[in-house]
file final_29.cif (mmCIF, C-alpha atoms)
data_work
loop_
_atom_site.group_PDB
_atom_site.id
_atom_site.type_symbol
_atom_site.label_atom_id
_atom_site.label_comp_id
_atom_site.auth_asym_id
_atom_site.auth_seq_id
_atom_site.Cartn_x
_atom_site.Cartn_y
_atom_site.Cartn_z
ATOM 1 C CA MET A 140 -7.067 -5.717 -13.402
ATOM 2 C CA SER A 141 -5.049 -8.874 -12.938
ATOM 3 C CA GLU A 142 -5.280 -10.038 -9.334
ATOM 4 C CA GLU A 143 -2.298 -12.358 -9.753
ATOM 5 C CA LYS A 144 -0.129 -9.587 -11.199
ATOM 6 C CA ILE A 145 -1.024 -7.239 -8.353
ATOM 7 C CA LYS A 146 -0.255 -9.900 -5.746
ATOM 8 C CA ALA A 147 3.047 -10.686 -7.475
ATOM 9 C CA LEU A 148 4.042 -7.004 -7.481
ATOM 10 C CA PHE A 149 3.230 -6.714 -3.777
ATOM 11 C CA GLY A 150 5.306 -9.843 -3.150
ATOM 12 C CA PHE A 151 8.299 -8.479 -5.080
ATOM 13 C CA ALA A 152 8.066 -5.092 -3.354
ATOM 14 C CA ASN A 153 7.785 -6.746 0.056
ATOM 15 C CA LYS A 154 10.833 -8.953 -0.523
ATOM 16 C CA ALA A 155 12.770 -5.914 -1.748
ATOM 17 C CA GLY A 156 11.914 -4.055 1.460
ATOM 18 C CA LYS A 157 9.939 -1.398 -0.407
ATOM 19 C CA LEU A 158 6.686 -1.670 1.571
ATOM 20 C CA ALA A 159 5.763 -0.115 4.894
ATOM 21 C CA PRO A 160 2.744 -2.015 6.273
ATOM 22 C CA GLY A 161 0.679 -0.405 9.011
ATOM 23 C CA ARG A 162 -0.069 3.130 10.114
ATOM 24 C CA SER A 163 3.088 3.548 12.181
ATOM 25 C CA ALA A 164 5.417 2.382 9.398
ATOM 26 C CA VAL A 165 3.642 4.554 6.822
ATOM 27 C CA THR A 166 3.849 7.618 9.059
ATOM 28 C CA THR A 167 7.553 7.008 9.664
ATOM 29 C CA ALA A 168 8.185 6.644 5.925
ATOM 30 C CA TYR A 169 6.298 9.893 5.287
ATOM 31 C CA PHE A 170 8.417 11.864 7.754
ATOM 32 C CA ARG A 171 11.587 10.346 6.274
ATOM 33 C CA LYS A 172 10.352 11.472 2.825
ATOM 34 C CA LYS A 173 10.441 7.918 1.462
ATOM 35 C CA LEU A 174 6.722 7.498 0.699
ATOM 36 C CA ALA A 175 5.877 7.132 -3.015
ATOM 37 C CA ALA A 176 2.226 5.990 -2.698
ATOM 38 C CA VAL A 177 -0.227 4.516 -0.222
ATOM 39 C CA VAL A 178 -2.571 1.543 -0.603
ATOM 40 C CA ILE A 179 -5.680 1.643 1.585
ATOM 41 C CA ALA A 180 -7.974 -1.303 2.251
ATOM 42 C CA THR A 181 -11.487 -0.880 0.908
ATOM 43 C CA ASP A 182 -12.842 -1.494 4.410
ATOM 44 C CA ALA A 183 -10.426 0.876 6.181
ATOM 45 C CA SER A 184 -11.808 3.452 8.591
ATOM 46 C CA GLU A 185 -12.584 6.984 7.459
ATOM 47 C CA LYS A 186 -9.902 8.225 9.859
ATOM 48 C CA LEU A 187 -7.280 6.089 8.112
ATOM 49 C CA LYS A 188 -8.470 7.232 4.660
ATOM 50 C CA THR A 189 -8.203 10.869 5.767
ATOM 51 C CA LEU A 190 -4.712 10.251 7.147
ATOM 52 C CA ALA A 191 -3.623 8.713 3.841
ATOM 53 C CA SER A 192 -4.912 11.640 1.804
ATOM 54 C CA ASP A 193 -3.052 14.052 4.100
ATOM 55 C CA PHE A 194 0.300 12.546 3.069
ATOM 56 C CA GLY A 195 0.100 14.219 -0.339
ATOM 57 C CA VAL A 196 0.963 11.081 -2.323
ATOM 58 C CA GLN A 197 -1.118 8.902 -4.599
ATOM 59 C CA VAL A 198 -3.721 6.882 -2.665
ATOM 60 C CA LEU A 199 -4.902 3.577 -4.125
ATOM 61 C CA GLN A 200 -7.759 1.483 -2.735
ATOM 62 C CA TYR A 201 -7.440 -2.267 -3.018
ATOM 63 C CA ALA A 202 -8.751 -5.380 -1.283
ATOM 64 C CA THR A 203 -9.906 -5.766 2.307
ATOM 65 C CA LYS A 204 -7.731 -5.473 5.402
ATOM 66 C CA ASP A 205 -7.626 -9.266 5.673
ATOM 67 C CA GLU A 206 -6.593 -9.673 2.027
ATOM 68 C CA LEU A 207 -3.868 -7.021 2.260
ATOM 69 C CA GLY A 208 -2.497 -8.664 5.375
ATOM 70 C CA GLN A 209 -2.528 -12.121 3.781
ATOM 71 C CA MET A 210 -0.544 -10.832 0.783
ATOM 72 C CA LEU A 211 2.212 -9.795 3.194
ATOM 73 C CA GLY A 212 1.973 -12.793 5.510
ATOM 74 C CA ARG A 213 0.538 -10.700 8.351
ATOM 75 C CA ASN A 214 -2.724 -10.193 10.158
ATOM 76 C CA GLU A 215 -5.070 -7.614 8.737
ATOM 77 C CA THR A 216 -3.467 -4.424 7.476
ATOM 78 C CA GLY A 217 -5.487 -1.329 6.612
ATOM 79 C CA ILE A 218 -2.698 0.718 5.025
ATOM 80 C CA ILE A 219 0.519 -0.056 3.170
ATOM 81 C CA GLY A 220 3.082 2.506 2.128
ATOM 82 C CA ILE A 221 4.992 1.934 -1.102
ATOM 83 C CA LEU A 222 8.527 3.269 -0.779
ATOM 84 C CA ASP A 223 9.668 2.987 -4.388
ATOM 85 C CA GLU A 224 8.306 5.081 -7.267
ATOM 86 C CA GLY A 225 8.795 2.251 -9.773
ATOM 87 C CA PHE A 226 6.796 -0.230 -7.690
ATOM 88 C CA ALA A 227 4.153 2.444 -7.046
ATOM 89 C CA GLN A 228 3.703 3.059 -10.772
ATOM 90 C CA SER A 229 3.650 -0.647 -11.598
ATOM 91 C CA ILE A 230 1.049 -1.418 -8.941
ATOM 92 C CA GLN A 231 -1.073 1.545 -10.014
ATOM 93 C CA ARG A 232 -0.954 0.401 -13.664
ATOM 94 C CA ALA A 233 -1.904 -3.141 -12.651
ATOM 95 C CA MET A 234 -4.908 -1.818 -10.721
ATOM 96 C CA THR A 235 -6.145 0.247 -13.675
ATOM 97 C CA PRO A 236 -8.550 -1.723 -15.877
#
call {"tool": "encode", "arguments": {"input": "final_29.cif", "output": "structure tokens"}}
result
Amino acid sequence: MSEEKIKALFGFANKAGKLAPGRSAVTTAYFRKKLAAVVIATDASEKLKTLASDFGVQVLQYATKDELGQMLGRNETGIIGILDEGFAQSIQRAMTP
């Protein structure tokens, strides 16, 4: 797993407008049928992990809430929705050892 590659992919996806950070944005993307995958912080609450699994898309665990937020230039973020299938696949491949 290349940390730099993962961070770069998140940066590209964020600049392209293909990320939905936060529970509210992820839920909105789900109801608009735009959710390709979800990234959950390793220290996210069980309630948030259950919510993510209920969306019926691939769920990836990565980094802490602080680290996820820093990658997007925000405060801590426990969940990020990926809105593009190509970015979702690329990030998933980068996270696989």
call {"tool": "resolve_selection", "arguments": {"input": "final_29.cif", "expression": "the PyMOL selection byres ((chain A and resi 145) around 10)", "output": "list in words"}}
result
Met140, Ser141, Glu142, Glu143, Lys144, Lys146, Ala147, Leu148, Phe149, Gly150, Phe151, Tyr201, Met210, Ser229, Ile230, Gln231, Arg232, Ala233 and Met234 of chain A
call {"tool": "residues_around", "arguments": {"input": "final_29.cif", "residues": "Glu224 in chain A", "least_positions_apart": "4", "cutoff": "12 Å", "atoms": "all atoms listed in the file", "output": "list in words"}}
result
Ala152, Lys157, Leu158, Lys173, Leu174, Ala175, Ala176, Val177, Val196, Gln197, Gly220, Gln228, Ser229, Ile230 and Gln231 of chain A
call {"tool": "closest_residue", "arguments": {"input": "final_29.cif", "among": "A:Leu222, A:Leu211, A:Val198, A:Ala227", "to": "Arg171 in chain A", "atoms": "only C-alpha atoms"}}
result
A:Leu222
call {"tool": "atom_distance", "arguments": {"input": "final_29.cif", "atom1": "CA of Pro236 in chain A", "atom2": "CA of Gly195 in chain A"}}
result
23.9 Å
call {"tool": "atom_distance", "arguments": {"input": "final_29.cif", "atom1": "CA of Pro160 in chain A", "atom2": "CA of Ile221 in chain A"}}
result
8.7 Å
call {"tool": "resolve_selection", "arguments": {"input": "final_29.cif", "expression": "the PyMOL selection byres ((chain A and resi 179) around 9)", "output": "list in words"}}
result
Val177, Val178, Ala180, Thr181, Asp182, Ala183, Leu187, Lys188, Ala191, Val198, Leu199, Gln200, Tyr201, Ala202, Thr203, Lys204, Leu207, Thr216, Gly217, Ile218, Ile219 and Gly220 of chain A
call {"tool": "atom_distance", "arguments": {"input": "final_29.cif", "atom1": "CA of Phe226 in chain A", "atom2": "CA of Ser163 in chain A"}}
result
20.6 Å
call {"tool": "closest_residue", "arguments": {"input": "final_29.cif", "among": "A:Phe170, A:Thr235, A:Arg162, A:Asp205", "to": "Lys186 in chain A", "atoms": "all atoms listed in the file"}}
result
A:Arg162
call {"tool": "closest_residue", "arguments": {"input": "final_29.cif", "among": "A:Gly212, A:Leu190, A:Glu185, A:Asn153", "to": "Thr166 in chain A", "atoms": "only C-alpha atoms"}}
result
A:Leu190
call {"tool": "axis_aligned_box", "arguments": {"input": "final_29.cif", "around": "range 224-231 of chain A", "padding_each_side": "4 Å", "output": "lines of an AutoDock Vina configuration file"}}
result
center_x = 3.9
center_y = 1.8
center_z = -9.3
size_x = 17.9
size_y = 14.5
size_z = 12.6
